[in-house]
Each structure stands twice: as structure tokens, then as C-alpha cells.
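Peer 1: This one is input29.tsv, TSV, C-alpha atoms.
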```tsv
chain	number	residue	atom	x	y	z
A	16	MET	CA	117.33	118.10	307.31
A	17	PRO	CA	120.84	116.74	306.93
A	18	LYS	CA	121.90	114.97	303.77
A	19	GLN	CA	123.11	112.10	305.94
A	20	ASP	CA	119.48	110.97	306.37
A	21	LEU	CA	119.92	109.38	302.94
A	22	GLU	CA	123.59	108.44	303.19
A	23	ALA	CA	123.87	106.80	306.60
A	24	CYS	CA	124.62	103.11	306.52
A	25	PRO	CA	123.39	100.42	306.94
A	26	ALA	CA	119.65	100.24	306.50
A	27	PRO	CA	118.03	98.88	309.65
A	28	ALA	CA	116.71	95.34	309.55
A	29	GLY	CA	113.26	96.50	310.67
A	30	LEU	CA	112.74	98.82	307.70
A	31	HIS	CA	110.17	96.45	306.24
A	32	ASP	CA	107.87	97.51	309.10
A	33	GLY	CA	107.66	100.88	307.31
A	34	GLY	CA	106.15	99.30	304.20
A	35	VAL	CA	109.02	97.83	302.15
A	36	PRO	CA	108.95	94.01	302.26
A	37	ILE	CA	112.27	92.32	302.98
A	38	PRO	CA	112.71	90.80	299.47
A	39	TYR	CA	112.36	94.25	297.92
A	40	LEU	CA	114.68	95.72	300.52
A	41	ALA	CA	117.28	93.08	299.62
A	42	CYS	CA	116.99	94.12	295.95
A	43	MET	CA	117.30	97.77	296.95
A	44	MET	CA	120.46	97.11	298.96
A	45	ALA	CA	122.03	95.07	296.13
A	46	VAL	CA	121.14	97.72	293.54
A	47	ALA	CA	122.44	100.50	295.79
A	48	ALA	CA	125.73	98.64	296.27
A	49	PHE	CA	126.08	97.92	292.55
A	50	ASN	CA	125.42	101.55	291.60
A	51	ALA	CA	127.40	103.05	294.50
A	52	LEU	CA	124.27	104.70	295.92
A	53	PRO	CA	123.58	105.40	299.58
A	54	PRO	CA	121.60	102.43	300.96
A	55	ARG	CA	118.76	104.59	302.24
A	56	VAL	CA	118.00	106.45	299.03
A	57	LEU	CA	115.97	103.81	297.13
A	58	PRO	CA	113.66	102.94	300.06
A	59	SER	CA	113.13	106.67	300.63
A	60	ILE	CA	112.24	107.28	296.99
A	61	GLN	CA	109.90	104.29	296.99
A	62	ALA	CA	108.14	105.66	300.07
A	63	VAL	CA	107.44	108.89	298.20
A	64	GLU	CA	106.55	107.23	294.90
A	65	GLY	CA	104.18	104.82	296.64
A	66	GLY	CA	104.27	102.33	293.77
A	67	ALA	CA	103.45	98.67	294.01
A	68	VAL	CA	104.01	95.63	291.86
A	69	GLY	CA	101.58	95.88	288.96
A	70	SER	CA	100.78	99.56	289.48
A	71	ILE	CA	100.51	101.93	286.55
A	72	HIS	CA	99.96	105.65	287.09
A	73	ILE	CA	98.97	107.76	284.08
A	74	ASN	CA	100.47	111.26	284.21
A	75	ALA	CA	99.02	114.50	282.85
A	76	ASN	CA	101.50	114.38	279.95
A	77	ALA	CA	100.22	110.88	278.99
A	78	SER	CA	103.43	109.16	280.16
A	79	GLN	CA	103.03	106.40	282.71
A	80	ASP	CA	104.80	105.54	285.95
A	81	LEU	CA	105.28	101.80	286.31
A	82	GLY	CA	105.66	99.41	289.22
A	83	LEU	CA	107.25	99.64	292.64
A	84	MET	CA	109.55	102.61	291.98
A	85	GLN	CA	107.15	104.25	289.49
A	86	VAL	CA	109.70	104.27	286.64
A	87	ASN	CA	108.42	106.60	283.93
A	88	THR	CA	107.79	105.29	280.43
A	89	VAL	CA	110.18	107.91	279.00
A	90	TRP	CA	112.84	105.43	280.14
A	91	LEU	CA	111.50	102.49	278.07
A	92	ALA	CA	113.71	103.08	275.02
A	93	PRO	CA	116.93	103.73	276.96
A	94	LEU	CA	116.28	100.72	279.19
A	95	ALA	CA	115.50	98.55	276.16
A	96	ARG	CA	118.80	99.57	274.56
A	97	PHE	CA	120.68	98.95	277.80
A	98	THR	CA	119.14	95.54	278.48
A	99	GLY	CA	118.81	94.30	274.90
A	100	LEU	CA	115.11	93.63	275.53
A	101	ASN	CA	112.30	95.06	273.42
A	102	GLU	CA	110.30	97.95	274.87
A	103	GLU	CA	107.18	95.88	275.53
A	104	THR	CA	109.19	93.35	277.53
A	105	VAL	CA	110.81	96.18	279.50
A	106	ARG	CA	107.34	97.66	280.18
A	107	ILE	CA	106.02	94.32	281.42
A	108	ARG	CA	109.06	93.68	283.61
A	109	LEU	CA	109.01	97.21	285.05
A	110	THR	CA	105.36	96.69	285.95
A	111	ARG	CA	105.47	93.12	287.24
A	112	ASP	CA	109.06	92.39	288.38
A	113	PRO	CA	109.95	94.42	291.47
A	114	CYS	CA	113.69	93.68	291.37
A	115	PHE	CA	113.90	94.60	287.67
A	116	ASN	CA	112.03	97.82	288.50
A	117	ILE	CA	114.37	98.58	291.40
A	118	ALA	CA	117.41	97.87	289.21
A	119	ALA	CA	116.08	100.29	286.59
A	120	ALA	CA	115.44	102.95	289.24
A	121	GLY	CA	118.98	102.50	290.56
A	122	ALA	CA	120.46	102.85	287.08
A	123	ILE	CA	118.37	105.98	286.45
A	124	LEU	CA	119.44	107.49	289.78
A	125	ARG	CA	123.11	106.64	289.06
A	126	ALA	CA	122.83	108.38	285.65
A	127	ASP	CA	121.23	111.40	287.35
A	128	LEU	CA	123.97	111.42	289.99
A	129	ASN	CA	126.67	111.36	287.31
A	130	ALA	CA	124.92	114.16	285.40
A	131	GLU	CA	124.65	116.26	288.56
A	132	GLY	CA	128.34	116.02	289.48
A	133	GLN	CA	127.59	113.59	292.34
A	134	ASN	CA	125.12	116.00	294.00
A	135	LEU	CA	122.83	113.42	295.62
A	136	MET	CA	119.87	115.65	296.37
A	137	ARG	CA	119.72	117.22	292.90
A	138	ALA	CA	119.91	113.69	291.45
A	139	VAL	CA	117.07	112.58	293.74
A	140	GLY	CA	115.02	115.55	292.52
A	141	ASP	CA	115.88	114.67	288.92
A	142	TYR	CA	114.38	111.21	289.45
A	143	HIS	CA	111.05	113.05	289.60
A	144	SER	CA	111.59	116.18	287.50
A	145	HIS	CA	114.26	118.46	286.06
A	146	THR	CA	111.93	121.45	286.55
A	147	PRO	CA	113.53	123.33	289.49
A	148	PRO	CA	110.45	123.87	291.72
A	149	LEU	CA	109.27	120.27	291.21
A	150	ASN	CA	112.80	118.96	291.71
A	151	GLN	CA	113.22	120.87	294.98
A	152	SER	CA	109.80	119.86	296.29
A	153	TYR	CA	110.58	116.21	295.56
A	154	GLN	CA	113.94	116.50	297.34
A	155	LEU	CA	112.13	117.70	300.46
A	156	ARG	CA	109.58	114.89	300.28
A	157	VAL	CA	112.30	112.25	299.92
A	158	ARG	CA	114.28	113.72	302.83
A	159	ALA	CA	111.14	113.68	304.97
A	160	ALA	CA	110.50	110.06	304.00
A	161	ALA	CA	114.09	109.13	304.88
A	162	THR	CA	113.74	110.82	308.26
A	163	GLN	CA	110.51	108.96	308.96
A	164	LEU	CA	111.74	105.57	307.68
A	165	PHE	CA	115.06	105.69	309.47
A	166	ALA	CA	114.17	107.53	312.68
A	167	GLN	CA	114.72	104.33	314.71
A	168	ALA	CA	118.23	103.88	313.27
A	169	LYS	CA	119.65	106.91	315.08
```
Output the structure of this file as C-alpha cells.
Peer 2:
Amino acid sequence: MPKQDLEACPAPAGLHDGGVPIPYLACMMAVAAFNALPPRVLPSIQAVEGGAVGSIHINANASQDLGLMQVNTVWLAPLARFTGLNEETVRIRLTRDPCFNIAAAGAILRADLNAEGQNLMRAVGDYHSHTPPLNQSYQLRVRAAATQLFAQAK
């Protein structure tokens, strides 16, 4: 599948019919613009992550994935330092505040993109895992989600 599935612009107005409510989509577009990310990447990641406001998923390694974008708790300390908030406040906001969660996901993806020399798909895989097979599998799932979400936009 072409990389452009994630990079094409703009996101169609009807995307919320695929499961992302308009207010969250507005946050995703603002975060994508702020972090110079393709506008389709955050909705595509969210479709794969399947998170919701208030959701907490406990992983096999005892870390947790929080909220809409399933931001992992390994990011609590870095996000606390970045925001100036304490870790418990960051945890609560990641879980309960969808736009805060989306902003954190965008910042994480931007950091991954910088670390990967602007290679979008490796950065997308890094959002899930730096382990090569898991990274590559996640890339494929996000591409498939983008194709499904944005099929009407072509």
C-alpha cells in the first residue's frame, strides 16, 4: 500500500462516520498541523489502537495504555517533565481528556519521526514497538486502517 494513504491531505469531513467523533478529529487535525504530521496518521493510529476516553489497557509487561490513543505509561515521566504537571495529573488527563491524549500522541509520534530521520512508517511502527517484527506488523495495520478510513477520499 502506498505511503500516501497516510500523507494525503485533507482528511475528509465524513471521517467521523468511521468512528472518530468530530471534536476528536478537530484535535487530531490541530495536533497534526502543530507537529507537522500528515493529517491522516493520527486517525489511522487511533483506529488500530481502538482506545476510548477513560480506557485503560494493562499490558503483559505491566505497563498500561491510556485513553483514546492508548498512550503507554512509559511516557508519564517524559510528559510530566514536558508539561510541568505531576505524573498522576498526566495519567488522569491522558485517560480522561481526549485532546490532551491526542496532543501527547502527536508529540510522541513527532519525537519518533525525528529519531527515525523523518521515515514516517518506521515512526508509526515505533509508536507501538521498537521491536522490528512488532514494528512492521503495526505499520501494516495502520496502513490498512488508513486505506479503510480514507477509501472514500480518493
Peer 1: Could you check how far atom CA of Arg125 of chain A sits from atom CA of Asn50 of chain A, in Å to one decimal?
Peer 2: 6.1 Å
Peer 1: Check the smallest atom-to-atom distance from each of A:Phe165, A:Glu64, A:Leu149, A:Asn101 to Asn87 of chain A using all atoms listed in the file, then report the winner.
Peer 2: A:Glu64
Peer 1: Go through A:Ala67, A:Leu164, A:Leu57, A:Ile107 and flag the residue nearest Ile123 of chain A, using only C-alpha atoms for the distances.
Peer 2: A:Leu57
Peer 1: Choose the residue, out of A:Gln163, A:Gln85, A:Thr104, A:Asn74, that has the smallest atom-to-atom separation from Ala119 of chain A; count all atoms listed in the file.
Peer 2: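 Of A:Gln163, A:Gln85, A:Thr104, A:Asn74, the one nearest Ala119 of chain A is A:Gln85, counting all atoms listed in the file.
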Peer 1: Is there a way to get, as a PyMOL selection string, all residues within 10 Å of the point (119.0, 107.7, 288.8) in file coordinates, counting all atoms listed in the file?
Peer 2: chain A and resi 50+52+57+118-130+135+138-143
Peer 1: Which residue, A:Pro113, A:Gly132, A:Gly99, A:Pro147, has the smallest gap to Gly69 of chain A when you use only C-alpha atoms?
Peer 2: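 Going through A:Pro113, A:Gly132, A:Gly99, A:Pro147 one by one, the smallest distance to Gly69 of chain A is for A:Pro113.
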Peer 1: Check the smallest atom-to-atom distance from each of A:Val56, A:Ala161, A:Cys114, A:Val89 to Glu102 of chain A using only C-alpha atoms, then report the winner.
Peer 2: A:Val89
Peer 1: Identify which of the residues A:Gln133, A:Asn116, A:Asn76, A:Thr110 lies closest to Ala51 of chain A, counting only C-alpha atoms when measuring atom-to-atom distances.
Peer 2: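 Distance minimum relative to Ala51 of chain A lands on A:Gln133.
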Peer 1: State, in Å with one decimal place, the distance from atom CA of Leu40 of chain A to atom CA of Pro58 of chain A.
Peer 2: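 Here the two named atoms are 7.3 Å from each other.
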Peer 1: Grab the atom CA of Arg158 of chain A to atom CA of Ser144 of chain A distance for me, in Å with one decimal place.
Peer 2: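 Atom CA of Arg158 of chain A sits 15.8 Å away from atom CA of Ser144 of chain A.
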Peer 1: Show me, as a PyMOL selection string, the residues that have an atom within 10 Å of Ile71 of chain A when counting all atoms listed in the file, minus same-chain residues fewer than 5 positions from it.
Peer 2: chain A and resi 66+79-83+85-87+109-110
